[in-house]
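Asker: Dropping in work03.cif, which is mmCIF, C-alpha atoms:
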```
data_final
#
loop_
_atom_site.label_atom_id
_atom_site.label_comp_id
_atom_site.auth_asym_id
_atom_site.auth_seq_id
_atom_site.Cartn_x
_atom_site.Cartn_y
_atom_site.Cartn_z
CA MET A 158 128.22 88.97 96.91
CA GLU A 159 126.25 90.16 99.87
CA SER A 160 122.52 89.58 99.58
CA MET A 161 120.12 92.50 99.74
CA PHE A 162 118.05 90.63 102.31
CA GLU A 163 120.84 90.19 104.84
CA GLY A 164 120.97 92.10 108.07
CA TYR A 165 123.80 92.53 110.53
CA PRO A 166 124.71 89.55 112.73
CA PHE A 167 123.02 89.90 116.11
CA THR A 168 123.42 88.32 119.52
CA PHE A 169 120.94 87.56 122.25
CA VAL A 170 121.90 89.43 125.42
CA MET A 171 119.40 88.56 128.13
CA ASN A 172 115.83 88.18 129.28
CA ASP A 173 114.94 91.24 131.27
CA LYS A 174 112.08 91.36 133.80
CA ASP A 175 110.53 94.65 134.74
CA ASP A 176 107.73 95.39 137.22
CA THR A 177 106.77 98.80 135.82
CA ASP A 178 104.18 97.38 133.39
CA ASP A 179 101.58 94.87 134.64
CA LEU A 180 101.02 93.36 131.21
CA LEU A 181 104.66 92.99 130.25
CA LEU A 182 105.83 89.42 130.89
CA TYR A 183 109.49 89.89 130.05
CA THR A 184 111.80 91.53 127.52
CA MET A 185 114.24 89.74 125.29
CA GLN A 186 117.21 91.93 124.60
CA TYR A 187 119.39 91.61 121.51
CA ARG A 188 122.22 93.71 120.17
CA PHE A 189 124.00 94.15 116.88
CA LYS A 190 126.77 96.33 115.53
CA SER A 191 126.70 98.08 112.20
CA SER A 192 129.82 97.42 110.17
CA LYS A 193 129.14 100.58 108.18
CA SER A 194 128.64 103.20 110.88
CA HIS A 195 130.18 101.20 113.78
CA HIS A 196 127.15 102.10 115.89
CA THR A 197 125.80 99.46 118.25
CA TYR A 198 122.03 99.03 118.43
CA ILE A 199 119.97 97.57 121.23
CA VAL A 200 116.83 95.68 120.27
CA ARG A 201 114.15 95.05 122.85
CA VAL A 202 111.45 92.47 122.13
CA GLU A 203 108.75 92.83 124.75
CA LYS A 204 106.52 89.86 125.36
CA TYR A 205 102.90 90.44 126.34
CA PRO A 206 100.12 87.91 127.01
CA GLN A 207 98.45 86.05 124.09
CA HIS A 208 101.81 85.65 122.26
CA VAL A 209 101.98 89.35 121.44
CA TYR A 210 105.42 90.91 120.98
CA CYS A 211 106.50 94.50 120.60
CA LEU A 212 109.73 95.24 118.74
CA LYS A 213 111.78 98.30 119.69
CA PHE A 214 115.29 99.39 118.86
CA PHE A 215 117.59 102.32 119.50
CA ASP A 216 121.20 103.38 119.13
CA LYS A 217 123.22 102.35 122.18
CA ALA A 218 124.81 105.82 122.28
CA ASN A 219 121.37 107.22 123.21
CA ILE A 220 120.61 104.65 125.90
CA ASN A 221 120.24 107.21 128.68
CA SER A 222 118.06 109.60 126.70
CA LYS A 223 114.32 109.62 127.31
CA ASP A 224 113.91 110.23 123.56
CA LYS A 225 116.11 107.30 122.55
CA TYR A 226 113.45 105.91 120.20
CA SER A 227 112.94 109.28 118.49
CA LEU A 228 116.50 110.45 117.97
CA LYS A 229 117.93 110.24 114.48
CA THR A 230 121.31 108.56 113.96
CA ASN A 231 121.91 109.95 110.43
CA THR A 232 123.81 106.82 109.44
CA PHE A 233 121.78 106.30 106.26
CA GLU A 234 121.47 102.54 106.56
CA PRO A 235 117.82 101.91 107.41
CA ARG A 236 117.35 99.00 105.01
CA LYS A 237 120.03 96.83 106.60
CA ILE A 238 118.86 97.71 110.11
CA LEU A 239 115.27 96.85 109.20
CA TYR A 240 116.37 93.52 107.69
CA THR A 241 118.18 92.83 110.98
CA MET A 242 114.91 93.50 112.79
CA TYR A 243 113.20 91.07 110.44
CA HIS A 244 115.76 88.35 111.23
CA ILE A 245 115.34 88.99 114.95
CA PHE A 246 111.59 88.58 114.51
CA LEU A 247 112.23 85.26 112.69
CA GLU A 248 114.23 84.18 115.75
CA VAL A 249 111.22 85.01 117.93
CA LEU A 250 108.96 83.10 115.54
CA LYS A 251 111.22 80.04 115.87
CA LYS A 252 110.72 80.11 119.64
CA ASP A 253 106.99 80.88 119.45
CA ASN A 254 105.13 79.98 116.27
CA LYS A 255 102.01 81.81 117.46
CA ALA A 256 103.86 85.11 117.83
CA SER A 257 102.04 88.26 116.75
CA LEU A 258 103.95 91.50 116.41
CA PHE A 259 103.25 95.17 116.79
CA PHE A 260 105.40 98.25 116.52
CA ILE A 261 105.02 102.01 116.74
CA GLY A 262 106.85 104.53 114.59
CA ALA A 263 108.22 107.04 117.08
CA GLU A 264 107.87 110.67 116.12
CA ASP A 265 110.95 112.76 115.35
CA ASP A 266 111.42 116.54 115.41
CA ARG A 267 109.41 116.96 112.19
CA ASP A 268 106.37 114.96 113.28
CA GLU A 269 103.31 115.78 115.27
CA LEU A 270 102.64 113.59 118.28
CA GLY A 271 101.57 110.12 117.26
CA GLU A 272 99.89 110.74 113.92
CA THR A 273 101.27 108.88 110.88
CA THR A 274 104.87 109.63 111.70
CA ARG A 275 107.67 109.39 109.14
CA ARG A 276 109.16 106.35 110.86
CA TYR A 277 105.76 104.66 110.86
CA ARG A 278 105.37 105.24 107.11
CA LEU A 279 108.82 103.76 106.47
CA TYR A 280 108.24 100.70 108.68
CA ARG A 281 104.79 100.14 107.14
CA LYS A 282 106.26 100.25 103.65
CA PHE A 283 109.06 97.88 104.59
CA VAL A 284 106.79 95.38 106.35
CA SER A 285 104.24 95.36 103.54
CA SER A 286 107.11 94.78 101.09
CA ILE A 287 108.60 91.73 102.77
CA ILE A 288 105.78 90.13 104.79
CA SER A 289 102.82 88.77 102.86
CA ASN A 290 99.38 88.00 104.23
CA LYS A 291 99.88 84.22 104.10
CA MET A 292 101.01 83.88 107.72
CA PHE A 293 99.96 87.24 109.15
CA GLU A 294 97.01 89.56 108.98
CA HIS A 295 98.09 93.19 108.68
CA PHE A 296 96.36 95.98 110.59
CA ARG A 297 97.24 99.65 110.63
CA ILE A 298 96.18 102.38 113.04
CA ASN A 299 97.39 105.62 111.50
CA GLU A 300 96.29 107.88 114.34
CA LEU A 301 98.60 106.02 116.74
CA SER A 302 101.33 105.23 114.15
CA LEU A 303 100.76 101.62 115.16
CA TYR A 304 101.13 98.59 112.90
CA ILE A 305 100.04 95.11 113.96
CA LEU A 306 100.82 91.74 112.44
CA ILE A 307 98.46 89.10 113.77
CA ASN A 308 99.63 85.52 113.41
CA LYS A 309 97.03 83.34 111.71
CA ASN A 310 97.92 80.50 114.17
CA SER A 311 96.77 82.67 117.06
CA ASP A 312 94.16 81.17 119.42
CA ILE A 313 92.22 84.42 119.62
CA LYS A 314 90.27 86.00 116.78
CA PRO A 315 92.40 88.69 115.07
CA ASP A 316 89.83 91.48 115.55
CA ILE A 317 89.59 90.86 119.31
CA LEU A 318 93.37 90.74 119.69
CA VAL A 319 93.81 93.92 117.64
CA ASN A 320 91.23 95.79 119.72
CA LYS A 321 92.98 94.67 122.89
CA ILE A 322 96.38 95.89 121.63
CA VAL A 323 94.91 99.23 120.47
CA GLU A 324 93.20 99.70 123.84
CA GLU A 325 96.44 99.10 125.74
CA VAL A 326 98.54 101.32 123.44
CA THR A 327 95.96 104.12 123.73
CA LYS A 328 96.10 103.77 127.52
CA ALA A 329 99.90 104.00 127.41
CA TYR A 330 99.70 107.11 125.19
CA ASN A 331 97.31 108.84 127.59
CA ALA A 332 99.23 107.84 130.72
CA MET U 265 114.89 121.56 103.40
CA GLY U 266 114.11 124.53 105.56
CA ARG U 267 112.41 124.93 108.90
CA ILE U 268 108.81 123.93 109.56
CA VAL U 269 106.95 126.92 110.92
CA GLY U 270 103.41 125.60 110.87
CA SER U 271 100.89 123.24 109.31
CA HIS U 272 97.22 123.24 108.46
CA LYS U 273 95.06 120.14 108.26
CA THR U 274 91.75 119.63 106.48
CA LYS U 275 89.68 116.45 106.73
CA VAL U 276 88.35 115.18 103.41
CA ARG U 277 85.71 112.46 103.13
CA MET U 278 85.89 110.50 99.89
CA ASP U 279 82.95 108.94 98.02
CA ASP U 280 83.83 105.48 99.38
CA GLY U 281 83.53 106.76 102.96
CA ASN U 282 87.26 106.89 103.71
CA ILE U 283 88.48 109.94 105.57
CA TYR U 284 91.74 111.52 104.50
CA VAL U 285 93.66 114.40 105.98
CA ARG U 286 95.11 117.00 103.67
CA ARG U 287 98.10 118.54 105.43
CA VAL U 288 99.69 121.75 104.19
CA THR U 289 103.00 122.41 105.90
CA LYS U 290 104.57 125.85 105.90
CA VAL U 291 108.33 125.68 105.54
CA LEU U 292 110.69 128.64 105.79
CA CYS U 293 113.50 128.19 103.28
CA GLY U 294 117.04 129.52 103.57
CA ASN U 295 116.33 132.27 101.03
CA GLY U 296 113.54 133.71 103.19
CA LYS U 297 110.71 132.39 101.01
CA PHE U 298 108.06 129.93 102.10
CA ARG U 299 107.27 126.51 100.64
CA HIS U 300 103.86 124.91 101.15
CA PRO U 301 104.26 121.15 100.59
CA VAL U 302 101.04 119.13 100.66
CA ASP U 303 100.62 115.52 101.72
CA TYR U 304 97.64 113.29 102.34
CA TYR U 305 97.15 110.45 104.79
CA ASP U 306 94.34 108.13 105.73
CA ALA U 307 92.64 109.22 108.95
CA THR U 308 90.04 106.46 109.25
CA PRO U 309 89.59 106.05 113.01
CA GLY U 310 90.46 102.76 114.70
CA ALA U 311 92.18 99.66 113.38
CA VAL U 312 91.98 99.11 109.64
CA LYS U 313 92.69 95.71 108.14
CA VAL U 314 95.14 96.08 105.29
CA SER U 315 93.61 94.48 102.22
CA PRO U 316 95.76 92.46 99.76
CA LYS U 317 95.29 95.25 97.22
CA GLU U 318 96.52 97.92 99.63
CA LEU U 319 99.42 95.67 100.66
CA GLU U 320 100.41 95.37 97.02
CA GLN U 321 100.14 99.13 96.50
CA LEU U 322 102.24 99.88 99.59
CA SER U 323 105.01 97.41 98.88
CA ILE U 324 108.25 98.32 97.12
CA PRO U 325 108.30 96.45 93.78
CA VAL U 326 111.91 95.17 93.89
CA TYR U 327 111.58 93.75 97.40
CA LYS U 328 110.74 90.05 97.71
CA LYS U 329 108.13 88.72 100.07
CA LEU U 330 110.20 86.68 102.51
CA LEU U 331 107.46 85.43 104.81
#
```
Reformat the file's structure so that it appears as structure tokens.

Answerer:
Amino acid sequence: MESMFEGYPFTFVMNDKDDTDDLLLYTMQYRFKSSKSHHTYIVRVEKYPQHVYCLKFFDKANINSKDKYSLKTNTFEPRKILYTMYHIFLEVLKKDNKASLFFIGAEDDRDELGETTRRYRLYRKFVSSIISNKMFEHFRINELSLYILINKNSDIKPDILVNKIVEEVTKAYNA
Amino acid sequence: MGRIVGSHKTKVRMDDGNIYVRRVTKVLCGNGKFRHPVDYYDATPGAVKVSPKELEQLSIPVYKKLL
């Protein structure tokens, strides 16, 4: 019987370097295909200084859309997709045991810009359900729909690292 | 269900100092009537450390902590 905690099998595609963001070191790109909806998803794990990673994913069908992170797929399989994200994050943790993670819940057509979006509430609930505070310290910034998991092995104090991430995300929002 | 036609937000400060937003959304239903669903969310500015108690409250009971 298939376990509830299993995600879809995923493959590493490539390390992508981009000069558009000064802080971005490189992006690890993964992909997986849903056996239920037959949609392919692209997962981008962006690496920033101080072992900070940002996890993003979107449906490959929307790759050319500027709203690719906001569009709904209506495939009704969020749990399995989110478990896949979790397993991808474990892969990142294997490579870098000091990895800290942050993610933003993109707003959809029912949300107001940035503030406690529906996606953010879902991701927050999922993360708080499966990740305890043994290895990570959890921080939430509702006004930016931003959730941060700071690794307790990190060299920098969690509060300083969180403030730095919030500062950079706020800058990106206002840009 | 229905189409969102507007929302109204009110900030509420609780006794413990936490700020919450009370959001009333106006939704136009298919039958021409309006619904006014209400939801609340924490609007404390800046980064908030999630306490073990809050983590427990947020989590879905049947899910196992994997990490």

Asker: Find the residues of chain A in contact range of chain U, meaning any atom within 8 Å when counting only C-alpha atoms, and list them as a count of residues only.

Answerer: 24

Asker: Assuming the chain letters and numbering stay as they are in my file, what does the PyMOL selection byres ((chain A and resi 207-222) around 9) actually select? List them as a PyMOL selection string.

Answerer: chain A and resi 188+196-206+223-230+242+246+249+253-261+307+311-313+318+322

Asker: Can you list, as a list of chain:residue names, every protein, DNA or RNA residue that comes within 9 Å of Leu239 in chain A when you count all atoms listed in the file, leaving out same-chain residues fewer than 5 positions away?

Answerer: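 The filter keeps A:Gly164, A:Glu234, A:His244, A:Tyr280, A:Phe283.
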
Asker: Would you list the contacts of Arg299 in chain U as a list of chain:residue names, taking every protein, DNA or RNA residue within 12 Å and counting all atoms listed in the file, but skipping same-chain residues closer than 2 positions in sequence?

Answerer: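 Close residues of Arg299 in chain U: U:Met265, U:Gly266, U:Arg267, U:Ile268, U:Val269, U:Gly270, U:Ser271, U:Val288, U:Thr289, U:Lys290, U:Val291, U:Leu292, U:Cys293, U:Gly294, U:Asn295, U:Gly296, U:Lys297, U:Pro301, U:Val302.
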
Asker: Any idea what the distance is between CA of Lys251 in chain A and CA of Thr327 in chain A?

Answerer: 29.6 Å

Asker: To one decimal place, how far is CA of Met171 in chain A from CA of Ser191 in chain A in Å?

Answerer: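 Distance between the two atoms: 19.9 Å.
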
Asker: Report, in Å to a single decimal, how far apart CA of His300 in chain U and CA of Lys275 in chain U are.

Answerer: 17.4 Å
